[in-house]
Amino acid sequence: MSTVQLYTKYTRVWIPDPDEVWRSAEIVKDYKEGDKSLQLKLEDETLYEYRLDLQGNELPLLCNPDILVRENDLTALSYLHEPAVLHNLRVRFLESNFVYTYCGIVLVAINPYEELPIYEEDAIYAYSGQNMGDMDPHIFAVAEEAYKQMARDEKNQSIIVSGESGAGKTVSAKYAMRFFTTVGGSASKTNIEAKVLASNPIMEAIGNARTTRNDNSSRFGKYIEIGFDKRYHIIGANMRTYLLEKSRVVFQAEHERNYHIFYQLCASSSLPEFKDLGLTCAEDFFYISQGGDTSISGVDDADDFEKTRHAFTLLGVKESHQMTIFRIIAAILHLGNLEIQVERGSEACSLSSEDEHLKNFCGLLGVELSQMQHWLCNRKLVTTAETYVKNMSLHQVVNARNALAKHIYAQLFNWIVQHINKALHTTVKQHSFIGVLDIYGFETFEVNSFEQFCINYANEKLQQQFNLHVFKLEQEEYMKEGIPWTLIDFYDNQPCIDLIEAKLGILDLLDEECKVPRGTDQNWAQKLYDRHGSSQHFQKPRMSNTSFIILHFADKVEYQSEGFLEKNRDTVYEEQISILKASKYPMVADLFHEEKGAVPVTPVGKGTSKISVRSARPAIKAANKEHKKTVGHQFRNSLHLLMETLNATTPHYVRCIKPNDEKLPFKFDPKRAVQQLRACGVLETVRISAAGFPSRWSYHDFLKRYRVLMKKTDLAKNDKKQICKTLLEDLIKDPDKFQFGHTKIFFRAGQVAYLEKLRADKFRAAIIMIEKTVRGWLQRVKYQRLRQATVVLQRYARGHLARRLAEHLRRTRAAIILQKQFRMLRIRRAFQRVRNSTITIQAFARGMFARRTYHQILAEHKATILQKYARGWLARTRFHRVQAATIVLQCYYRRMKARQQLKALRIEARSAQHLKKLNVGMENKVVQLQRKIDEQNKEYKLLNEQLSTLTSAHSSEVEKLKKELLQYQQSQRGDGNQLVSLQEEMEHLRLELERAHGERKVVEDSYMQEKDLLRKRISDLEEENALLKQEKEELNSRILCQSEDEFARNAVEENIQMKKELEEERSRYQNLVKEYSSLEQRYDNLRDEMTIIKAPGHRRNPSNQSSLESDSNNPSISSSDIGDTDDVIQQVEEIGMEKAAMDMTLFLKLQKRVRELELARKKLQTQLEKKEQESKKSQVIETKTMTSEQEDFAYNSLKRQELESENKKLKNELNELRKAIADRATQNNSSSDVQDSYNLLLNHLKAANEELEVRKEEVLILRSQIMKAAQQKEMGKNMVKERERIPSNASWPNSDRHVDQEDAIEAYQGMCETNRKTEDWGYLNEDGELGLAYQGLKQVARLLEAQLQDQRRKHEEEMEGLRNQLDAMQEELQKQQQASLQTLQLSPEVQVELGLQQEITRLTNENLDLKELVEKLEKNEKKLKKQLKIYMKKVQDFEASQTTLPADRRPHDSNMQAAVQRKEKDFQGMLEYYKEDEPLLIRNLITDLKPQAVSATVPCLPAYILFMCLRHADYINDDQKVHSLLTSTINGIKKVLKKHHDDFEMTSFWLANVCRLLHCLKQYSGDEGFMTQNTPKQNEHCLKNFDLTEYRQVLSHLSIQIYQQLINIAQGILQPMTVSAVLENESIQGLSGVQPMGYRKYISNSPEVDTSYSLDNMIRQLNTFHSIMCDQGLDPEIVQQVFKQIFYMINAVTLNNLLLRKDVCSWSTGMQLRFNISQLEEWLHGKNLQQSGAAQTLVPLIQAAQLLQLKKKTSEDAEAICSLCTSLTTQQIVKILNLYTPVNEFEERVTVAFIRNIQMHLQERNDPPQLLLDFKHVFPVSFPFNPSSITMDSIHLPASLNLDFLNKV
């Protein structure tokens, strides 16, 4: 391929341009060798003559074909050079708004300066799991590639993000870390991923500042290592920083700012906690106001400060430390405002002690003001003999002050970084890590100093590493494909690096000059000139003696040597540091203390520079040797460590480009872009790729694309490689232009473009040939058509002339006849016309008059009809309005009555036990009231007695005194004092009497007041009731006033609103259930992990803990719990409302504890029953003389006695209750409440009488069984005799073990029967010994089998108990670990306080619980002992009655059995089982059950069996059995689902069974709303005693969890095949073409594995799902919801993938996609799922396919697109149009103007901003009630289920 062939007419080339760097032009004349110029036509149609350099033979660079423009990978371009790269980036950025582009292994990111909706969480999940290059370029793709290689290769990874300031490095690094935190997650609940992200605001506040190029520029480099464990979950992180720009603390250029934290603190200085800092606005401080404007538009510093403080708190920095940090920052600001005074006549300086800023500085840092005042202006000089104190000049003082400020800030920066690393540190062993390097890019300014020198030095090292890595990948790719390796010449910057860091290099000379006592920057620059003047990378400027130029890989940079030595020394005087070390604040002092014996592992560049001070004591100079390391030396060491880390990892590169300096969105400056592309190494990557074989094609794609260039004979071959080789050898003569690898063909630069040109020429020649042939065929067809038409016209013309002559002759003859007839006819017609006119006039006149009369009559008739209908309509309207209002009133009234009736029915339906409890409660209340009245009466009587006693005593005392007075008067008449004393005593007694009367009056008044208060309360309630009735009447009147139409409309609107609210509530509820399920799953997973690592010897949980509370989030309330709650309420009522004002929290704890103790009581009672049964069985075995009939007789007798005693007790209690209430009613007949309660108790009495009749019937039945047992007593005697025949020394195997009584009796009867039938076996032998031995062995086998089953059952019970104990221990351990983790996150002080508080609370609760437990257990023990005594007494009485029973009465009793014999009943649809068989039932029916075992039976058979067992528990009124069965069922199902968490069939099976069990609980609940479709037989099977509404709610929660697990399993199966089957599958063969595009995958990428799926695979999988759910009896409504969710996922995943892939956005893909969707729609129609709404979920995908197929040129097309794509958002439509890529060159691209037109049409839409669909969105699920037509008695139990222990009732 020669140059003449390439530079032909119509070929496009690139020419240099001063404004746009490169400009495209078109050749208008073929180039010939020797031409001095090229004739070109520019884009503006102007002609341009391009001069050629004949000596250099340099022709302009060629443009790539249009089909290659907008490539995702720059290395996929055929012509690889600078203009092609720049053009591709510009077109993608400006026209398609693509900010990311690959360049080999480099991701080029252009800063859009605008928020784009491509960083959502949905985008993260879309890129997760995808190969790099399969989707559009993105930072998430690079992060996913690093994460995948870490997991696959088990090698550490690094992502190197570089670029100049303002290019978006920090944002790219944040997005990469966000990807890792989202995909990796956290292995524990420490939220380490949140802490990693929380470190960003802190580092931005203390390390970022505004520059002229960027408002948030990072002024330091950082390398963050994100650690992962073996499961690749994030466990921790570590940060290393490099070269903090400390000079910014004291100086900022114009239009720049200091670090953000200073301005944030000033903006928040008005807060109360910051009043002591002495801060004002930022303009008042010198250090932060040098740049001019202190604010940034669009940035709120105060709000950012709150985010910074929140981040500090999240990372565990204590509040005291935060305040110290802010104090140090404020102190730096005050340090910059010090007023330095120069003394007259000398250079000495001083500071005023009254300086407010100096006071604030010293006060904030806690140092001595006088010392700091002195040493800020003086320095200490140490000699061998003595020490001098020297005054410093103003310049030296300012430099010392600035050095101190920089050092303080640097130390604070290091302290914060160390604490962030502590917060992100983990004790878990790190398996691998991914490092994110956010480092400065190549920098060149007008004035370049020491910072720029270090930055460019670091970039030289990184560029060298990058070049070597790219070179290595190219070499590995060639070796993998077997391509001969030829040395590629690439730029090696090692000489430039040696110039900087080699021995006697720039850094060494700088350190040497720093050691010279009077070294200067000029001397150092002169040494550089002398030493490196001959170096090719070093130059001396012509006009300067203090500057030097270094030729870096990106550009040559001139550095000013001024300030290099000072910045390299970084000198801070030791005296100032010593003052700071003596600070009274520990944190300030710790900042400046050296870590003794510590070796710096990772120096942090300039930020960790050591202090270079001159000591006053020469003896300790050797100890400060470490201090003398310069900044350059430390930076070089840290850079070497960084390079070692990067070389030990697999690097991934992100190069950030700044498109313009004005920070305008989507504006592209070519000059700035080219400058950065050269600096960041992108063009070097292009050059290395172009030097080899940049274009690479697989044999399959190459053959498919260029088969049009092949011959027919070559295509007949089967070897694709040979076909391609033959074609290329024919087309490209130079064999060096291509190479054949094992799987790919490698091309030199430009060869693919040449092949594209040949292909286009072949298509063009073919089109010309087709056009020529078609045009010739069209002309021939046209000529033949014209000739045939001419012949036909001639024939018709001649015939026409002959016919015209004959016609003329005929007409002449006929004319005469016509004239004759016409004249006659004309006269006749005239007559007829006159006659007809006359008749017509008469007819119309008569008709007119008749019609007038008719219309008048008709109008009157219609008016009458209208009046009739109008009046009727008015009457009907009035009637309907009244009727509607009446109906409404009737509805409300009937509903009220229905509720009352329902309430009464529920009360009647309650059990006798419940009635008994109610009666006891009512009796207690009546007794309490009676007791209260009796106490008041007693008190009243006592007061009366006291009063009468006092009165009698008083009267007797008065009489006695009178008598004594008379005696005294008689004896001593003159003694008056004694009389006075007696009178006083009499007065005292009278006062006591009056006080007694007063007390009595007070008691009577209090009694009357209480009575009046009760009456007042009753009257208030009556008034309130009257007000409610009045309000009800007012509301009814309002309803009547409303019109019927308005009422209907409001009802419809309320119905719609209620449906919406219901749907939203259901969605929120299911989300909560989903979150609970995920939390429960996470808890189970953590518990499993803890089981693995758990050490032995843990503390056990209390045995009385409820299993339901640990397994279910919504525990149901059993009847015992309700009883406990009623007892508590009753106690509260007895104590009184004043004493019942107790703590609600304590009350709830007590109530919970009561429930736990109640469960413990039930458990003890169950154990007692087991002990009684075991004792009974042991007694039966010991006393071999009792028969089975006698045991039945004893049991029946006991039961009869219990029933009779219970009946008597009930009768007595009811009679007493009736009497008490009747007495109470007679005392207070006016109380309506007492009357209502009395009526209610009468109803209960009726129910009790009915129950009594039932008990009587049972007694009769038992008596009949007793008679039957007595009749068979003689048979029992014979059995005893036969048993005695057995030899006493005979023993059976295992005879000492426990044997079930029924099995033993059955076996013994069989043996007796054998002995009786020995004569029938005489044919075997004479004595019948053989048959007897066989029958005996058979009975022994039965005994052994019974013993084995009993042993197995006991073993299973022990294992279940051990499992429960293990689960309880694991749960307790998990709780302790969670508490410890939460405690460790807190500060030490808070930990101590929290520990003490928790210990006090725990001890208090344990004491309270133990007290309650002791009281409850003592109470239960007394109760159980009492019951045991009663039972023992009954047993003794029964034994005594049996021994004294006369023998002559037994035959007489046996003859009475015919009178009361019980009739056998049919199967009632109930299954009975023993309590100890419940684990076996759960295991056989749930845990070990496989869906295939019941596939041939009734669907949902386990649900029916469980419900029949539940019916029996309800029938016998055993609430504990109901509670235990439902709880065990729910827990068993959860365990099965957890074990089979990825089994679709098992999950669907249990979803169907749980839903069926839920439907059965509703259908047989007795609620009339669920019984409308029941048969009479089904109504008989309704539950009688229990309301299981709470358990229905729990089962509904479980159904939602199973449904969500089913959806997750289905999505996990279908999601990997969705994109391949729907989007990539080529169902229509030959429709799609291959584009010369794609990302070049290097050897480090994952191996190519064929993971493609066809649409048939997906449809087969959907068929499998559908058949499984239908076969297992899942409700059709649920099946429809499942497929609606699945099809939504298919739509979301496919559309998201389409929006992120440019290679599939074409017309052919749209056609293919539409066909695949139609196949899915046809499948839905075939399965009768068109009503499920699944097809509607595919509408966005259908519209996207139509958008790809529509015409995209004119405004009409834009309007059509906007009207069609209603389900797509504006962002999605624009994204698809930007991604649209023609398959070949004959298609046209979508123009930018058309896309702008679309955006204008869609401005009015209020679409959400997100681009991608949330494929994890779950629609709210509903479980509609679906009753079963199957009756319980028709269900058969298959033998395969091993449920022989279930007995039909």
# chains A, B, ... in the order shown; residues from 1 in each chain; ligands from 1
call {"tool": "residues_around", "arguments": {"residues": "stretch 1798-1813 of chain A", "least_positions_apart": "3", "cutoff": "8 Å", "atoms": "only C-alpha atoms", "output": "ChimeraX atom specification"}}
result
/A:117-118,120,122-123,1692-1693,1695-1696,1699,1758-1759,1762,1769-1772,1774,1794-1795
call {"tool": "write_last_selection", "arguments": {"atoms": "N, CA and C atoms", "output": "PDB file, in the first residue's frame"}}
result
ATOM      1  N   PRO A 117     -25.932  12.413  36.007  1.00  0.00           N
ATOM      2  CA  PRO A 117     -26.635  11.296  36.682  1.00  0.00           C
ATOM      3  C   PRO A 117     -26.057   9.937  36.318  1.00  0.00           C
ATOM      4  N   ILE A 118     -24.749   9.792  36.411  1.00  0.00           N
ATOM      5  CA  ILE A 118     -24.112   8.519  36.047  1.00  0.00           C
ATOM      6  C   ILE A 118     -23.348   7.918  37.217  1.00  0.00           C
ATOM      7  N   GLU A 120     -24.983   7.039  40.224  1.00  0.00           N
ATOM      8  CA  GLU A 120     -25.951   6.545  41.190  1.00  0.00           C
ATOM      9  C   GLU A 120     -25.597   5.130  41.614  1.00  0.00           C
ATOM     10  N   ASP A 122     -27.412   2.596  41.264  1.00  0.00           N
ATOM     11  CA  ASP A 122     -27.796   1.660  40.206  1.00  0.00           C
ATOM     12  C   ASP A 122     -26.666   1.495  39.198  1.00  0.00           C
ATOM     13  N   ALA A 123     -25.930   2.582  38.918  1.00  0.00           N
ATOM     14  CA  ALA A 123     -24.789   2.471  38.016  1.00  0.00           C
ATOM     15  C   ALA A 123     -23.703   1.588  38.613  1.00  0.00           C
ATOM     16  N   ALA A1692     -35.444  -3.624  33.509  1.00  0.00           N
ATOM     17  CA  ALA A1692     -34.498  -2.689  34.120  1.00  0.00           C
ATOM     18  C   ALA A1692     -33.058  -3.046  33.781  1.00  0.00           C
ATOM     19  N   VAL A1693     -32.705  -4.329  33.895  1.00  0.00           N
ATOM     20  CA  VAL A1693     -31.324  -4.733  33.619  1.00  0.00           C
ATOM     21  C   VAL A1693     -30.981  -4.498  32.151  1.00  0.00           C
ATOM     22  N   LEU A1695     -32.448  -2.387  29.970  1.00  0.00           N
ATOM     23  CA  LEU A1695     -32.410  -0.962  29.644  1.00  0.00           C
ATOM     24  C   LEU A1695     -31.179  -0.294  30.243  1.00  0.00           C
ATOM     25  N   ASN A1696     -30.811  -0.637  31.474  1.00  0.00           N
ATOM     26  CA  ASN A1696     -29.601  -0.067  32.076  1.00  0.00           C
ATOM     27  C   ASN A1696     -28.367  -0.429  31.269  1.00  0.00           C
ATOM     28  N   LEU A1699     -28.278   1.611  28.148  1.00  0.00           N
ATOM     29  CA  LEU A1699     -27.903   3.006  28.380  1.00  0.00           C
ATOM     30  C   LEU A1699     -26.419   3.174  28.686  1.00  0.00           C
ATOM     31  N   ALA A1758     -38.585  14.586  15.640  1.00  0.00           N
ATOM     32  CA  ALA A1758     -38.417  14.889  17.062  1.00  0.00           C
ATOM     33  C   ALA A1758     -39.755  14.864  17.787  1.00  0.00           C
ATOM     34  N   GLU A1759     -40.783  15.449  17.162  1.00  0.00           N
ATOM     35  CA  GLU A1759     -42.110  15.430  17.785  1.00  0.00           C
ATOM     36  C   GLU A1759     -42.634  14.012  17.910  1.00  0.00           C
ATOM     37  N   CYS A1762     -40.883  12.348  20.848  1.00  0.00           N
ATOM     38  CA  CYS A1762     -41.373  12.843  22.137  1.00  0.00           C
ATOM     39  C   CYS A1762     -42.755  12.285  22.467  1.00  0.00           C
ATOM     40  N   THR A1769     -37.429   8.675  30.396  1.00  0.00           N
ATOM     41  CA  THR A1769     -37.160  10.018  30.881  1.00  0.00           C
ATOM     42  C   THR A1769     -36.343  10.794  29.848  1.00  0.00           C
ATOM     43  N   THR A1770     -36.267  12.086  30.071  1.00  0.00           N
ATOM     44  CA  THR A1770     -35.488  12.931  29.162  1.00  0.00           C
ATOM     45  C   THR A1770     -34.032  12.503  29.144  1.00  0.00           C
ATOM     46  N   GLN A1771     -33.495  12.201  30.319  1.00  0.00           N
ATOM     47  CA  GLN A1771     -32.102  11.767  30.387  1.00  0.00           C
ATOM     48  C   GLN A1771     -31.882  10.497  29.576  1.00  0.00           C
ATOM     49  N   GLN A1772     -32.817   9.563  29.639  1.00  0.00           N
ATOM     50  CA  GLN A1772     -32.659   8.300  28.928  1.00  0.00           C
ATOM     51  C   GLN A1772     -32.766   8.493  27.415  1.00  0.00           C
ATOM     52  N   VAL A1774     -32.099  11.253  25.654  1.00  0.00           N
ATOM     53  CA  VAL A1774     -30.896  11.948  25.179  1.00  0.00           C
ATOM     54  C   VAL A1774     -29.688  11.012  25.226  1.00  0.00           C
ATOM     55  N   PHE A1794     -30.246  17.915  16.309  1.00  0.00           N
ATOM     56  CA  PHE A1794     -31.462  17.113  16.535  1.00  0.00           C
ATOM     57  C   PHE A1794     -31.611  16.790  18.021  1.00  0.00           C
ATOM     58  N   ILE A1795     -30.500  16.490  18.691  1.00  0.00           N
ATOM     59  CA  ILE A1795     -30.578  16.191  20.130  1.00  0.00           C
ATOM     60  C   ILE A1795     -30.998  17.429  20.901  1.00  0.00           C
TER      61      ILE A1795
END
call {"tool": "residues_around", "arguments": {"residues": "A:Leu989", "least_positions_apart": "5", "cutoff": "12 Å", "atoms": "only C-alpha atoms", "output": "list of chain:residue names"}}
result
A:Leu950, A:Thr951, A:Ser952, A:Ala953, A:His954, A:Ser955, A:Ser956, A:Glu957, A:Val958, A:Leu982, A:Gln983, A:Glu984, A:Glu994, A:Arg995, A:Ala996
call {"tool": "select_by_dssp", "arguments": {"residues": "stretch 65-288 of chain A", "states": "helix (DSSP H, G or I)", "output": "ChimeraX atom specification"}}
result
/A:66-68,74-76,82-94,121-127,139-153,169-184,192-207,246-249,260-267,272-277,282-284,286-288
call {"tool": "residues_around", "arguments": {"residues": "stretch 529-543 of chain A", "least_positions_apart": "4", "cutoff": "12 Å", "atoms": "only C-alpha atoms", "output": "ChimeraX atom specification"}}
result
/A:493-500,502-506,508-509,522-525,547-553,555-561
call {"tool": "closest_residue", "arguments": {"among": "A:Gly168, A:Gly692, A:Pro1782, A:Pro1740", "to": "A:Trp1707", "atoms": "only C-alpha atoms"}}
result
A:Pro1782
call {"tool": "residues_around", "arguments": {"residues": "A:Lys380", "least_positions_apart": "5", "cutoff": "7 Å", "atoms": "only C-alpha atoms", "output": "list in words"}}
result
Thr387, Tyr388, Val389 and Lys390 of chain A
call {"tool": "write_last_selection", "arguments": {"atoms": "all heavy atoms", "output": "compact mmCIF listing (two decimals), in the first residue's frame"}}
result
# COMPACT_ATOMS: atom_id res chain seq x y z
N THR A 387 26.77 30.32 75.62
CA THR A 387 25.54 30.48 74.86
C THR A 387 25.19 31.95 74.82
O THR A 387 25.26 32.65 75.85
CB THR A 387 24.39 29.68 75.51
OG1 THR A 387 24.78 28.32 75.58
CG2 THR A 387 23.12 29.82 74.71
N TYR A 388 24.78 32.42 73.62
CA TYR A 388 24.41 33.82 73.43
C TYR A 388 22.95 33.90 73.04
O TYR A 388 22.42 33.01 72.36
CB TYR A 388 25.26 34.47 72.33
CG TYR A 388 26.74 34.47 72.62
CD1 TYR A 388 27.56 33.44 72.12
CD2 TYR A 388 27.31 35.48 73.37
CE1 TYR A 388 28.93 33.44 72.38
CE2 TYR A 388 28.68 35.48 73.63
CZ TYR A 388 29.48 34.46 73.13
OH TYR A 388 30.81 34.47 73.40
N VAL A 389 22.30 34.98 73.43
CA VAL A 389 20.93 35.31 73.00
C VAL A 389 21.03 36.53 72.09
O VAL A 389 21.50 37.59 72.52
CB VAL A 389 19.99 35.60 74.19
CG1 VAL A 389 18.62 36.01 73.69
CG2 VAL A 389 19.90 34.38 75.09
N LYS A 390 20.56 36.38 70.86
CA LYS A 390 20.73 37.42 69.84
C LYS A 390 19.37 37.93 69.41
O LYS A 390 18.43 37.14 69.22
CB LYS A 390 21.49 36.86 68.66
CG LYS A 390 21.72 37.88 67.54
CD LYS A 390 22.43 37.24 66.35
CE LYS A 390 22.59 38.25 65.23
NZ LYS A 390 23.23 37.65 64.04
call {"tool": "residues_around", "arguments": {"residues": "A:Asp734", "least_positions_apart": "2", "cutoff": "12 Å", "atoms": "only C-alpha atoms", "output": "ChimeraX atom specification"}}
result
/A:1-2,728-732,736-739,747-748,751
call {"tool": "write_last_selection", "arguments": {"atoms": "all heavy atoms", "output": "compact mmCIF listing (two decimals), in the first residue's frame"}}
result
# COMPACT_ATOMS: atom_id res chain seq x y z
N MET A 1 0.86 -1.18 0.00
CA MET A 1 0.00 0.00 0.00
C MET A 1 0.90 1.23 0.00
O MET A 1 1.56 1.54 0.98
CB MET A 1 -0.92 0.00 1.22
CG MET A 1 -1.87 1.17 1.25
SD MET A 1 -3.00 1.05 2.64
CE MET A 1 -1.87 1.01 4.00
N SER A 2 0.90 1.95 -1.09
CA SER A 2 1.79 3.10 -1.25
C SER A 2 1.10 4.37 -0.80
O SER A 2 -0.11 4.41 -0.55
CB SER A 2 2.22 3.22 -2.72
OG SER A 2 1.08 3.46 -3.54
N LEU A 728 -5.76 -11.56 3.57
CA LEU A 728 -4.80 -10.51 3.88
C LEU A 728 -3.57 -10.57 2.98
O LEU A 728 -3.00 -9.53 2.62
CB LEU A 728 -4.39 -10.60 5.36
CG LEU A 728 -5.47 -10.22 6.37
CD1 LEU A 728 -5.00 -10.44 7.78
CD2 LEU A 728 -5.87 -8.76 6.19
N GLU A 729 -3.13 -11.78 2.64
CA GLU A 729 -1.98 -11.88 1.74
C GLU A 729 -2.31 -11.33 0.37
O GLU A 729 -1.43 -10.79 -0.32
CB GLU A 729 -1.54 -13.34 1.64
CG GLU A 729 -0.87 -13.85 2.92
CD GLU A 729 -0.53 -15.32 2.83
OE1 GLU A 729 -0.98 -15.96 1.85
OE2 GLU A 729 0.16 -15.82 3.73
N ASP A 730 -3.58 -11.42 -0.05
CA ASP A 730 -3.97 -10.86 -1.34
C ASP A 730 -4.14 -9.34 -1.28
O ASP A 730 -3.83 -8.64 -2.25
CB ASP A 730 -5.28 -11.50 -1.82
CG ASP A 730 -5.08 -12.98 -2.14
OD1 ASP A 730 -3.92 -13.39 -2.36
OD2 ASP A 730 -6.09 -13.72 -2.12
N LEU A 731 -4.62 -8.83 -0.15
CA LEU A 731 -4.95 -7.41 -0.07
C LEU A 731 -3.75 -6.57 0.35
O LEU A 731 -3.55 -5.47 -0.16
CB LEU A 731 -6.11 -7.19 0.91
CG LEU A 731 -7.45 -7.83 0.53
CD1 LEU A 731 -8.49 -7.56 1.61
CD2 LEU A 731 -7.94 -7.30 -0.81
N ILE A 732 -2.99 -7.02 1.36
CA ILE A 732 -1.87 -6.27 1.88
C ILE A 732 -0.58 -7.00 1.50
O ILE A 732 -0.31 -8.10 2.00
CB ILE A 732 -1.97 -6.12 3.42
CG1 ILE A 732 -3.31 -5.47 3.80
CG2 ILE A 732 -0.82 -5.28 3.96
CD1 ILE A 732 -3.53 -5.38 5.29
N ASP A 736 4.84 -7.24 6.83
CA ASP A 736 5.14 -6.63 8.12
C ASP A 736 3.96 -5.82 8.66
O ASP A 736 3.98 -5.40 9.81
CB ASP A 736 6.37 -5.74 7.99
CG ASP A 736 6.81 -5.19 9.34
OD1 ASP A 736 7.07 -6.02 10.25
OD2 ASP A 736 6.87 -3.97 9.49
N LYS A 737 2.94 -5.58 7.85
CA LYS A 737 1.81 -4.76 8.26
C LYS A 737 0.80 -5.53 9.09
O LYS A 737 -0.15 -4.96 9.62
CB LYS A 737 1.10 -4.17 7.04
CG LYS A 737 1.98 -3.25 6.21
CD LYS A 737 2.39 -2.01 7.00
CE LYS A 737 3.21 -1.06 6.14
NZ LYS A 737 3.66 0.13 6.92
N PHE A 738 0.95 -6.85 9.19
CA PHE A 738 0.00 -7.65 9.98
C PHE A 738 0.70 -8.90 10.48
O PHE A 738 1.71 -9.32 9.93
CB PHE A 738 -1.25 -8.01 9.17
CG PHE A 738 -0.95 -8.81 7.92
CD1 PHE A 738 -0.91 -10.20 7.95
CD2 PHE A 738 -0.69 -8.17 6.72
CE1 PHE A 738 -0.64 -10.93 6.82
CE2 PHE A 738 -0.40 -8.89 5.59
CZ PHE A 738 -0.38 -10.29 5.62
N GLN A 739 0.13 -9.47 11.55
CA GLN A 739 0.64 -10.71 12.12
C GLN A 739 -0.55 -11.55 12.57
O GLN A 739 -1.57 -11.02 13.01
CB GLN A 739 1.56 -10.44 13.31
CG GLN A 739 2.91 -9.83 12.95
CD GLN A 739 3.84 -10.80 12.26
OE1 GLN A 739 3.62 -12.02 12.33
NE2 GLN A 739 4.84 -10.28 11.56
N PHE A 747 -2.71 -5.77 13.46
CA PHE A 747 -2.48 -4.88 12.32
C PHE A 747 -1.65 -3.69 12.77
O PHE A 747 -1.77 -3.20 13.89
CB PHE A 747 -3.81 -4.37 11.74
CG PHE A 747 -4.65 -5.44 11.12
CD1 PHE A 747 -5.66 -6.06 11.84
CD2 PHE A 747 -4.43 -5.86 9.81
CE1 PHE A 747 -6.43 -7.05 11.28
CE2 PHE A 747 -5.20 -6.85 9.23
CZ PHE A 747 -6.20 -7.45 9.97
N ARG A 748 -0.84 -3.22 11.85
CA ARG A 748 -0.14 -1.97 12.07
C ARG A 748 -1.12 -0.81 11.97
O ARG A 748 -2.27 -0.98 11.52
CB ARG A 748 0.96 -1.80 11.02
CG ARG A 748 2.08 -2.80 11.09
CD ARG A 748 3.06 -2.48 12.18
NE ARG A 748 4.22 -3.37 12.14
CZ ARG A 748 5.16 -3.42 13.06
NH1 ARG A 748 5.08 -2.63 14.13
NH2 ARG A 748 6.18 -4.24 12.95
N GLN A 751 -3.85 0.13 8.84
CA GLN A 751 -4.26 -0.99 8.00
C GLN A 751 -5.77 -1.23 8.08
O GLN A 751 -6.39 -1.59 7.08
CB GLN A 751 -3.50 -2.26 8.42
CG GLN A 751 -2.00 -2.12 8.33
CD GLN A 751 -1.55 -1.61 6.98
OE1 GLN A 751 -1.92 -2.16 5.94
NE2 GLN A 751 -0.77 -0.53 6.99
call {"tool": "residues_around", "arguments": {"residues": "A:Ser1767", "least_positions_apart": "5", "cutoff": "10 Å", "atoms": "only C-alpha atoms", "output": "VMD selection string"}}
result
chain A and resid 1737 to 1744 1772 to 1773
call {"tool": "closest_residue", "arguments": {"among": "A:Tyr1603, A:Arg775, A:Lys567, A:Leu1595", "to": "A:Thr1547", "atoms": "only C-alpha atoms"}}
result
A:Tyr1603
call {"tool": "closest_residue", "arguments": {"among": "A:Lys1490, A:Lys941, A:Lys903, A:Lys897", "to": "A:Val1536", "atoms": "only C-alpha atoms"}}
result
A:Lys1490
